[in-house]
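Okay, my_file_32.txt is below, compact mmCIF, C-alpha atoms:
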# COMPACT_ATOMS: atom_id res chain seq x y z
CA MET R 3 17.29 57.56 48.39
CA PRO R 4 18.30 54.46 46.41
CA THR R 5 19.81 51.43 48.11
CA THR R 6 23.61 51.31 47.84
CA THR R 7 24.96 47.91 46.84
CA HIS R 8 28.23 46.63 45.50
CA THR R 9 29.24 43.78 43.25
CA ILE R 10 31.28 40.96 44.74
CA ARG R 11 34.60 40.41 42.98
CA TYR R 12 36.49 37.13 42.95
CA SER R 13 39.53 35.69 41.23
CA THR R 14 39.14 32.71 38.92
CA PRO R 15 41.42 29.67 39.27
CA ARG R 16 44.47 29.33 37.08
CA LYS R 17 44.49 26.83 34.27
CA GLY R 18 44.75 23.28 35.52
CA HIS R 19 43.10 24.06 38.82
CA ALA R 20 39.59 23.08 39.95
CA SER R 21 36.59 24.36 38.02
CA ALA R 22 35.66 27.94 38.86
CA HIS R 23 32.15 26.82 39.83
CA HIS R 24 33.58 24.69 42.65
CA LEU R 25 36.23 27.20 43.73
CA SER R 26 35.82 28.24 47.36
CA VAL R 27 35.88 32.00 47.82
CA LYS R 28 35.66 34.23 50.90
CA PHE R 29 34.08 37.68 50.83
CA GLU R 30 32.33 40.21 53.04
CA ASP R 31 28.63 40.45 52.33
CA LEU R 32 26.46 43.56 52.29
CA TYR R 33 25.97 43.44 56.07
CA GLY R 34 29.59 42.97 57.08
CA PHE R 35 29.58 39.18 57.58
CA MET R 36 32.46 37.13 56.23
CA VAL R 37 31.05 34.46 53.93
CA GLU R 38 32.58 31.38 52.35
CA GLY R 39 30.92 29.97 49.26
CA ASN R 40 31.59 28.99 45.67
CA VAL R 41 31.58 31.08 42.52
CA ASP R 42 27.99 30.07 41.72
CA ASP R 43 26.96 31.49 45.11
CA VAL R 44 28.75 34.76 44.30
CA ASN R 45 26.98 35.02 40.94
CA VAL R 46 23.60 34.41 42.59
CA LEU R 47 24.32 37.08 45.20
CA ASN R 48 25.20 39.61 42.51
CA ASP R 49 21.91 38.85 40.73
CA VAL R 50 20.05 39.22 44.04
CA ARG R 51 21.65 42.61 44.62
CA GLU R 52 20.57 43.81 41.19
CA ARG R 53 17.00 42.72 41.95
CA MET R 54 17.30 44.51 45.30
CA ARG R 55 18.19 47.73 43.48
CA GLU R 56 15.14 47.30 41.25
CA GLN R 57 12.91 46.63 44.27
CA GLY R 58 14.29 49.77 45.90
CA ARG R 59 13.13 51.80 42.91
CA VAL R 60 9.60 50.46 43.44
CA TRP R 61 9.62 51.64 47.06
CA TRP R 62 10.95 55.09 46.12
CA ALA R 63 8.29 55.41 43.40
CA LEU R 64 5.56 54.59 45.91
CA GLU R 65 6.98 57.16 48.33
CA ALA R 66 6.75 59.71 45.52
CA SER R 67 3.13 58.85 44.71
CA LYS R 68 1.73 58.00 48.18
CA GLY R 69 3.91 60.27 50.28
CA ALA R 70 6.92 59.63 52.50
CA ASN R 71 6.39 57.03 55.20
CA TRP R 72 3.04 55.90 53.74
CA TYR R 73 3.77 52.42 55.12
CA LEU R 74 3.73 53.81 58.67
CA GLN R 75 0.02 54.67 58.45
CA PRO R 76 -2.74 52.58 60.17
CA ARG R 77 -3.33 49.27 58.42
CA ILE R 78 -4.99 45.90 58.85
CA SER R 79 -2.64 43.64 60.79
CA SER R 80 -1.54 40.46 59.00
CA ASN R 81 -2.05 38.67 62.32
CA GLY R 82 -5.74 39.59 62.47
CA GLY R 83 -7.42 42.72 63.77
CA SER R 84 -6.23 46.22 62.94
CA GLU R 85 -3.45 48.51 64.00
CA GLY R 86 -3.71 52.20 64.75
CA VAL R 87 -7.04 53.70 65.81
CA ILE R 88 -9.08 52.65 62.78
CA SER R 89 -11.89 50.12 63.28
CA VAL R 90 -12.66 47.54 60.62
CA THR R 91 -16.14 48.98 60.06
CA SER R 92 -14.80 52.44 59.28
CA LEU R 93 -11.77 51.23 57.38
CA LYS R 94 -11.12 53.29 54.28
CA LEU R 95 -10.42 51.61 50.98
CA SER R 96 -7.05 53.37 50.83
CA VAL R 97 -5.97 51.71 54.08
CA LEU R 98 -6.99 48.28 52.78
CA THR R 99 -5.14 48.98 49.52
CA ASN R 100 -2.02 50.05 51.41
CA THR R 101 -2.16 46.89 53.54
CA ILE R 102 -2.31 44.62 50.47
CA THR R 103 0.36 46.63 48.65
CA LEU R 104 2.66 46.56 51.67
CA ARG R 105 2.29 42.80 52.12
CA ARG R 106 3.25 42.18 48.50
CA LEU R 107 6.14 44.62 48.71
CA ILE R 108 7.52 43.12 51.90
CA ARG R 109 7.44 39.60 50.47
CA LYS R 110 9.63 40.90 47.64
CA GLY R 111 12.02 42.52 50.09
CA VAL R 112 12.44 45.73 52.08
CA PRO R 113 15.36 47.95 50.98
CA PRO R 114 18.05 47.78 53.71
CA VAL R 115 17.93 51.53 54.31
CA LEU R 116 14.18 51.34 55.05
CA ARG R 117 14.27 48.23 57.26
CA PRO R 118 14.63 50.11 60.58
CA LYS R 119 11.46 52.16 60.01
CA VAL R 120 9.46 49.40 58.32
CA TRP R 121 10.30 46.72 60.89
CA LEU R 122 9.51 49.00 63.83
CA SER R 123 6.16 49.87 62.30
CA VAL R 124 4.83 46.56 60.97
CA SER R 125 6.04 44.48 63.93
CA GLY R 126 4.29 46.66 66.49
CA ALA R 127 7.57 47.67 68.17
CA ALA R 128 6.96 51.39 67.62
CA LYS R 129 3.49 51.07 69.15
CA LYS R 130 4.92 49.17 72.15
CA ARG R 131 7.58 51.84 72.66
CA SER R 132 4.94 54.59 72.57
CA THR R 133 3.25 53.14 75.69
CA VAL R 134 6.20 54.04 77.97
CA PRO R 135 8.04 57.32 78.69
CA GLU R 136 10.69 58.35 76.15
CA THR R 137 13.35 57.92 78.82
CA TYR R 138 12.37 54.29 79.54
CA TYR R 139 15.33 52.63 77.80
CA ASP R 140 17.98 55.03 79.15
CA GLU R 141 16.62 54.67 82.67
CA LEU R 142 16.53 50.88 82.34
CA ILE R 143 20.17 50.78 81.23
CA ARG R 144 21.25 53.07 84.10
CA ALA R 145 19.27 50.95 86.59
CA THR R 146 20.92 47.72 85.44
CA GLU R 147 24.47 49.09 85.22
CA GLY R 148 26.89 47.10 87.36
CA LYS R 149 24.29 44.54 88.44
CA THR R 150 25.06 40.84 88.19
CA THR R 151 22.44 38.13 87.73
CA PRO R 152 22.50 34.61 86.28
CA ALA R 153 21.26 36.18 83.03
CA THR R 154 24.08 38.76 82.83
CA LEU R 155 26.66 36.04 83.53
CA GLN R 156 25.24 33.94 80.70
CA ILE R 157 25.19 36.96 78.37
CA ASP R 158 28.86 37.68 79.11
CA HIS R 159 29.67 34.04 78.40
CA ASP R 160 27.79 34.06 75.06
CA LEU R 161 28.82 37.46 73.67
CA PRO R 162 32.26 36.46 72.32
CA ARG R 163 30.60 33.59 70.43
CA THR R 164 27.90 35.77 68.86
CA PHE R 165 28.69 36.28 65.15
CA PRO R 166 32.50 36.32 65.59
CA CYS R 167 32.83 36.68 61.80
CA HIS R 168 31.23 40.15 61.86
CA SER R 169 33.79 42.92 62.37
CA TRP R 170 31.51 45.35 64.27
CA LEU R 171 29.66 42.80 66.40
CA ASN R 172 33.02 41.30 67.33
CA SER R 173 34.45 44.72 68.28
CA GLU R 174 34.51 46.22 71.76
CA GLU R 175 31.93 48.83 70.74
CA GLY R 176 29.63 46.29 69.09
CA GLN R 177 29.71 43.85 72.00
CA ALA R 178 29.07 46.64 74.51
CA SER R 179 26.03 47.80 72.53
CA LEU R 180 24.67 44.27 72.16
CA ARG R 181 25.27 43.61 75.86
CA ARG R 182 23.23 46.68 76.88
CA VAL R 183 20.30 45.51 74.75
CA LEU R 184 20.38 41.95 76.11
CA VAL R 185 20.97 42.90 79.75
CA GLY R 186 18.27 45.57 79.54
CA TYR R 187 15.75 43.08 78.25
CA SER R 188 16.76 40.45 80.82
CA PHE R 189 15.65 42.92 83.52
CA ARG R 190 12.46 43.80 81.64
CA ASP R 191 11.48 40.13 81.47
CA SER R 192 13.33 38.03 84.03
CA GLU R 193 11.60 34.84 82.82
CA VAL R 194 13.46 35.06 79.52
CA GLY R 195 16.86 36.05 80.86
CA TYR R 196 18.31 37.58 78.12
CA CYS R 197 21.45 47.48 63.17
CA GLN R 198 19.19 49.94 63.80
CA THR R 199 19.86 52.14 66.77
CA GLU R 200 20.49 50.36 70.00
CA GLU R 201 17.12 51.41 71.46
CA ASP R 202 15.29 50.32 68.29
CA ALA R 203 16.99 46.92 68.62
CA PHE R 204 15.75 46.69 72.21
CA TRP R 205 12.13 47.31 71.18
CA MET R 206 12.41 44.90 68.26
CA LEU R 207 13.61 42.25 70.71
CA ALA R 208 10.75 43.09 73.06
CA VAL R 209 8.04 42.82 70.41
CA LEU R 210 9.63 39.68 68.97
CA LEU R 211 9.59 37.82 72.30
CA GLU R 212 6.35 39.27 73.65
CA ASN R 213 4.13 39.46 70.56
CA VAL R 214 5.53 37.77 67.46
CA LEU R 215 6.88 34.44 68.72
CA VAL R 216 5.13 31.81 70.81
CA ASN R 217 5.34 32.27 74.59
CA ASP R 218 8.10 30.53 76.59
CA CYS R 219 10.40 29.84 73.65
CA TYR R 220 13.42 31.06 75.59
CA THR R 221 12.56 30.24 79.19
CA ASP R 222 14.58 27.68 81.16
CA ASN R 223 12.50 24.67 80.11
CA LEU R 224 12.09 25.85 76.47
CA SER R 225 8.47 24.70 76.60
CA GLY R 226 7.48 27.03 73.76
CA CYS R 227 10.23 25.61 71.58
CA HIS R 228 9.03 22.06 72.29
CA VAL R 229 5.51 23.12 71.29
CA GLU R 230 6.74 24.61 68.00
CA GLN R 231 8.64 21.41 67.14
CA ARG R 232 5.52 19.30 67.67
CA VAL R 233 3.46 21.70 65.55
CA PHE R 234 6.10 21.60 62.82
CA LYS R 235 6.16 17.80 62.82
CA ASP R 236 2.38 17.70 62.35
CA LEU R 237 2.51 20.32 59.59
CA LEU R 238 5.24 18.37 57.79
CA ALA R 239 2.98 15.30 57.82
CA LYS R 240 0.10 17.36 56.35
CA LYS R 241 2.03 19.44 53.81
CA CYS R 242 4.79 16.96 52.84
CA PRO R 243 3.31 13.52 53.70
CA ARG R 244 5.78 11.48 51.63
CA ILE R 245 8.78 13.13 53.26
CA ALA R 246 7.29 12.81 56.74
CA ALA R 247 6.48 9.11 56.28
CA HIS R 248 9.95 8.34 54.88
CA LEU R 249 11.76 10.17 57.68
CA GLU R 250 9.61 8.52 60.34
CA ALA R 251 10.37 5.09 58.88
CA MET R 252 14.08 5.96 59.15
CA GLY R 253 13.63 7.06 62.77
CA PHE R 254 14.65 10.63 61.95
CA ASP R 255 13.42 13.32 64.37
CA VAL R 256 12.91 16.61 62.50
CA SER R 257 13.76 18.56 65.66
CA LEU R 258 17.41 17.56 65.07
CA VAL R 259 17.57 20.32 62.47
CA ALA R 260 14.44 22.41 63.06
CA THR R 261 15.12 23.30 66.71
CA GLU R 262 18.03 25.57 65.77
CA TRP R 263 16.03 27.02 62.86
CA PHE R 264 13.23 28.15 65.14
CA LEU R 265 15.35 29.22 68.13
CA CYS R 266 17.77 31.28 65.99
CA LEU R 267 15.13 32.37 63.43
CA PHE R 268 17.35 30.89 60.68
CA SER R 269 20.18 33.35 61.43
CA LYS R 270 22.71 30.50 61.87
CA THR R 271 21.35 28.58 58.90
CA LEU R 272 20.60 30.87 55.97
CA PRO R 273 22.86 33.47 54.32
CA SER R 274 22.38 36.94 55.83
CA GLU R 275 20.37 38.53 53.01
CA THR R 276 18.05 35.51 52.87
CA THR R 277 17.68 35.60 56.67
CA LEU R 278 16.74 39.28 56.59
CA ARG R 279 14.22 38.67 53.83
CA VAL R 280 12.63 35.99 56.01
CA TRP R 281 12.57 38.48 58.89
CA ASP R 282 10.95 41.11 56.64
CA VAL R 283 7.96 38.81 56.29
CA LEU R 284 8.16 37.47 59.86
CA PHE R 285 7.72 40.93 61.40
CA ASN R 286 4.79 41.68 59.10
CA GLU R 287 2.92 38.37 59.03
CA GLY R 288 3.90 36.66 62.27
CA ALA R 289 5.51 33.41 63.38
CA LYS R 290 3.62 31.31 60.82
CA VAL R 291 6.35 32.45 58.41
CA LEU R 292 8.89 30.27 60.26
CA PHE R 293 6.78 27.19 59.49
CA HIS R 294 6.44 28.19 55.83
CA VAL R 295 10.21 28.56 55.47
CA ALA R 296 11.08 25.37 57.37
CA LEU R 297 8.64 23.35 55.29
CA ALA R 298 10.01 24.89 52.10
CA ILE R 299 13.57 23.76 52.87
CA PHE R 300 12.33 20.16 53.24
CA LYS R 301 10.07 20.42 50.17
CA MET R 302 12.82 21.83 47.93
CA ARG R 303 14.85 18.64 48.42
CA GLU R 304 11.97 16.15 48.47
CA ASP R 305 13.35 13.87 45.73
CA ASP R 306 16.78 13.68 47.38
CA LEU R 307 15.33 13.09 50.84
CA LEU R 308 13.16 10.25 49.57
CA ARG R 309 16.19 8.48 48.09
CA ILE R 310 18.46 8.42 51.13
CA GLN R 311 18.43 5.90 53.95
CA HIS R 312 20.82 7.31 56.56
CA ILE R 313 20.01 9.93 59.18
CA GLY R 314 23.37 11.64 58.74
CA ASP R 315 22.61 12.17 55.04
CA VAL R 316 19.31 13.87 55.89
CA ILE R 317 21.08 16.38 58.13
CA ASP R 318 23.79 16.97 55.53
CA ILE R 319 21.31 17.60 52.71
CA LEU R 320 19.18 20.03 54.74
CA GLN R 321 22.15 21.94 56.17
CA THR R 322 23.92 22.21 52.82
CA THR R 323 20.74 23.34 51.11
CA ALA R 324 20.04 26.02 53.70
CA HIS R 325 23.63 27.33 53.76
CA HIS R 326 23.59 27.86 49.98
CA LEU R 327 20.15 29.49 49.69
CA TYR R 328 21.62 32.79 48.54
CA ASP R 329 18.52 33.57 46.46
CA PRO R 330 15.77 34.72 48.89
CA ASP R 331 13.16 34.81 46.12
CA GLU R 332 13.67 31.11 45.38
CA LEU R 333 13.09 30.20 49.04
CA LEU R 334 10.14 32.54 49.64
CA THR R 335 8.41 31.55 46.40
CA PHE R 336 8.60 27.93 47.53
CA ALA R 337 7.49 28.86 51.04
CA PHE R 338 4.30 30.62 49.99
CA ASP R 339 3.43 29.22 46.55
CA LYS R 340 4.40 25.55 46.93
CA ILE R 341 3.54 24.97 50.60
CA GLY R 342 0.09 26.54 50.45
CA SER R 343 -1.68 28.81 52.90
CA MET R 344 -1.53 28.49 56.67
CA THR R 345 -3.46 30.92 58.81
CA THR R 346 -2.29 32.23 62.16
CA ASN R 347 -5.50 30.84 63.69
CA THR R 348 -4.65 27.35 62.43
CA ILE R 349 -1.18 27.56 63.99
CA THR R 350 -2.65 28.88 67.27
CA LYS R 351 -5.13 25.99 67.53
CA GLU R 352 -2.38 23.46 66.86
CA ARG R 353 -0.19 25.09 69.51
CA LYS R 354 -2.91 24.87 72.14
CA LYS R 355 -3.34 21.19 71.42
CA GLN R 356 0.40 20.50 71.65
CA GLU R 357 0.96 22.74 74.67
CA THR R 358 -1.10 20.42 76.87
CA VAL R 359 1.02 17.44 75.84
CA VAL R 360 4.33 19.28 76.26
CA LEU R 361 3.49 20.65 79.72
CA ALA R 362 2.37 17.18 80.85
CA GLU R 363 5.66 15.69 79.62
CA LEU R 364 7.72 18.40 81.33
CA ASP R 365 5.79 17.92 84.57
CA GLN R 366 6.38 14.18 84.40
CA ARG R 367 10.10 14.78 83.81
CA ILE R 368 10.31 17.08 86.84
CA ARG R 369 8.52 14.51 89.01
CA ARG R 370 10.89 11.78 87.81
CA LEU R 371 13.96 13.90 88.59
CA SER R 372 12.59 14.79 92.02
CA SER R 373 11.96 11.13 92.73
CA LEU R 374 15.52 10.22 91.73
CA LYS R 375 16.93 12.93 94.00
CA MET R 376 14.83 11.65 96.93
CA ASP R 377 15.96 8.09 96.30
CA GLY R 378 19.56 9.27 96.15
Let's see the structure in the file written out as structure tokens.
Amino acid sequence: MPTTTHTIRYSTPRKGHASAHHLSVKFEDLYGFMVEGNVDDVNVLNDVRERMREQGRVWWALEASKGANWYLQPRISSNGGSEGVISVTSLKLSVLTNTITLRRLIRKGVPPVLRPKVWLSVSGAAKKRSTVPETYYDELIRATEGKTTPATLQIDHDLPRTFPCHSWLNSEEGQASLRRVLVGYSFRDSEVGYCQTEEDAFWMLAVLLENVLVNDCYTDNLSGCHVEQRVFKDLLAKKCPRIAAHLEAMGFDVSLVATEWFLCLFSKTLPSETTLRVWDVLFNEGAKVLFHVALAIFKMREDDLLRIQHIGDVIDILQTTAHHLYDPDELLTFAFDKIGSMTTNTITKERKKQETVVLAELDQRIRRLSSLKMDG
């Protein structure tokens, strides 16, 4: 069925007041988040929603011609290899066609009503869930009920601060549901600690941390995150050499902004619809998408970045740009057309190179701290 959307309404300023384009307005977006922006942002969002309706019609037309749930069939994985039980040698042309069609479709956006099924399928979460008994999640939740660990204490501390501007996530019911997902996963993978249906969210979290993102991004020492920042810095030098050279001359460390981007998958940086469009592609094509998007945000403001001389101005430009990227197509077009191709294999090789350096630095830091404690 077609995607349901609504047009954002706002009141224009009275005569003598500030220009309507600069008027600050608050509204609830399609996903229930309270947003503050200007009238231009509202107009862009309304255009985006119209394009979303049109994109929904494309998906429904394909369902009519290819059959319902055609996108759930075996396909070639965007991360290399194949999914399902089909080997590359016996791959039918129709499967290859569906893979290419799906990739193009997903880059243009998945209709919100289809996201639960599409994400579960293309990310590998449905396949991961199929390897355990159907009662796995319920039994895990029952087994963890009432138990206290350092992870559950941290979860309880963080929950009230998690999207407080969203009415459901900030409700008693929403926080209880989110807590069950996070606590359940903290027991599944104790190294990490800690929408669709609650169980679907659990398996999306599992596949995200275990298969999509780099290892050890959320462990105590954040070694995976340090690796990603080093990889990103090298990619910025290769893809945007003028920006990288200018920022280095200023003494600006890109991790000042990029760390939060990668750790939060842009959810605290980009507007919600743009974030979800990034996640559409992330679940289908892998973590290389995060590098594409991060590089695009820098590249979009290249001229401005090259003019400024103060570190604070760099942060302000990048944060302001990201917060007002209400048009997902603008960002994703830049990310894939202007930045150029980056294969998963290229990213993997770069990670392996940086991992050695990061682990050596962390080991040296631990030794230094141990030495200071002994001296004390």
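Nearest to Trp281 in chain R of all the residues R:Phe293, R:Phe336, R:Phe268, R:Trp61 is R:Phe268, based on only C-alpha atoms.
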Using all atoms listed in the file, find each residue of range 212-307 of chain R with at least one atom at most 12 Å away from an atom of range 356-364 of chain R; report its shortest atom-to-atom pair and that distance in Å (one decimal), sort the rows by chain and rising residue number, and return the result as CSV.
residue,atom,partner,partner_atom,distance
R:Val216,CA,R:Glu357,CA,10.7
R:Asn217,CA,R:Glu357,CA,10.5
R:Asp218,CA,R:Glu357,CA,10.7
R:Cys219,CA,R:Glu357,CA,11.9
R:Asp222,CA,R:Leu364,CA,11.5
R:Asn223,CA,R:Leu364,CA,8.0
R:Leu224,CA,R:Leu364,CA,9.9
R:Ser225,CA,R:Val360,CA,6.8
R:Gly226,CA,R:Glu357,CA,7.9
R:Cys227,CA,R:Val360,CA,9.8
R:His228,CA,R:Val360,CA,6.8
R:Val229,CA,R:Glu357,CA,5.7
R:Glu230,CA,R:Gln356,CA,8.4
R:Gln231,CA,R:Gln356,CA,9.4
R:Arg232,CA,R:Gln356,CA,6.6
R:Val233,CA,R:Gln356,CA,6.9
R:Phe234,CA,R:Gln356,CA,10.6
R:Lys235,CA,R:Gln356,CA,10.9
R:Asp236,CA,R:Gln356,CA,9.9
Atoms kept (C-alpha atoms) for selection, written as a compact mmCIF listing (two decimals), in the frame of the given file:
# COMPACT_ATOMS: atom_id res chain seq x y z
CA VAL R 216 5.13 31.81 70.81
CA ASN R 217 5.34 32.27 74.59
CA ASP R 218 8.10 30.53 76.59
CA CYS R 219 10.40 29.84 73.65
CA ASP R 222 14.58 27.68 81.16
CA ASN R 223 12.50 24.67 80.11
CA LEU R 224 12.09 25.85 76.47
CA SER R 225 8.47 24.70 76.60
CA GLY R 226 7.48 27.03 73.76
CA CYS R 227 10.23 25.61 71.58
CA HIS R 228 9.03 22.06 72.29
CA VAL R 229 5.51 23.12 71.29
CA GLU R 230 6.74 24.61 68.00
CA GLN R 231 8.64 21.41 67.14
CA ARG R 232 5.52 19.30 67.67
CA VAL R 233 3.46 21.70 65.55
CA PHE R 234 6.10 21.60 62.82
CA LYS R 235 6.16 17.80 62.82
CA ASP R 236 2.38 17.70 62.35
- Record the distance separating CA of Arg55 in chain R and CA of Thr323 in chain R, expressed in Å with one decimal.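 Calculated distance between CA of Arg55 in chain R and CA of Thr323 in chain R is 25.7 Å.
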- Task: Would you mind reading off the distance between CA of Lys119 in chain R and CA of Glu200 in chain R, one decimal, in Å?
- Result: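 Atom-to-atom, CA of Lys119 in chain R to CA of Glu200 in chain R, that is 13.6 Å.
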- Point-to-point distance in Å for CA of Asp49 in chain R and CA of Ile108 in chain R: 18.7 Å
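Using only C-alpha atoms for every distance, the candidate list R:Glu147, R:Ile313, R:Asp329, R:Ala153 yields R:Ile313 as the residue closest to Val256 in chain R.
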- Query: Which residue out of R:Asn71, R:Ser274, R:Thr199, R:Ser257 has the minimum interatomic distance to Asn100 in chain R when only C-alpha atoms are used?
  - Reply: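 So, comparing all the options, the nearest one is R:Asn71.
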- Just the residues within 10 Å of Ile319 in chain R, please, counting all atoms listed in the file, with nothing from its chain fewer than 3 positions along; format it as a PyMOL selection string. chain R and resi 299-300+303+306-307+310+314-316+322-324
- Polymer residues at most 12 Å from range 131-143 of chain R, only C-alpha atoms, same-chain spacing of 6 or more positions, as number ranges by chain: R: 86, 122-123, 125, 149, 178-179, 181-191, 199-209
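Minimum distance to Asn213 in chain R across R:Asn48, R:Thr146, R:Asn286, R:Ser269 (counting all atoms listed in the file) occurs at R:Asn286.
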- Task: Would you please work out which residue, of R:Leu284, R:Ile317, R:Val41, R:Leu278, is nearest to Val259 in chain R when using only C-alpha atoms?
- Result: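 Counting only C-alpha atoms, the residue closest to Val259 in chain R is R:Ile317.
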- Message: Please list as a PyMOL selection string every residue within 12 Å of His248 in chain R, counting all atoms listed in the file and excluding residues in the same chain fewer than 4 positions away.
- Response: chain R and resi 238-239+242-244+252-256+304-313+316
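Of the listed residues R:Glu175, R:Glu250, R:Asp43, R:Asp160, the one whose atoms come nearest to Pro273 in chain R is R:Asp43, with distances taken using all atoms listed in the file.
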- Spatial sel., origin (28.8, 36.7, 66.9), limit 12 Å, all atoms listed in the file, listed as a ChimeraX atom specification: /R:34-36,159-173,176-177,180-181,269-270
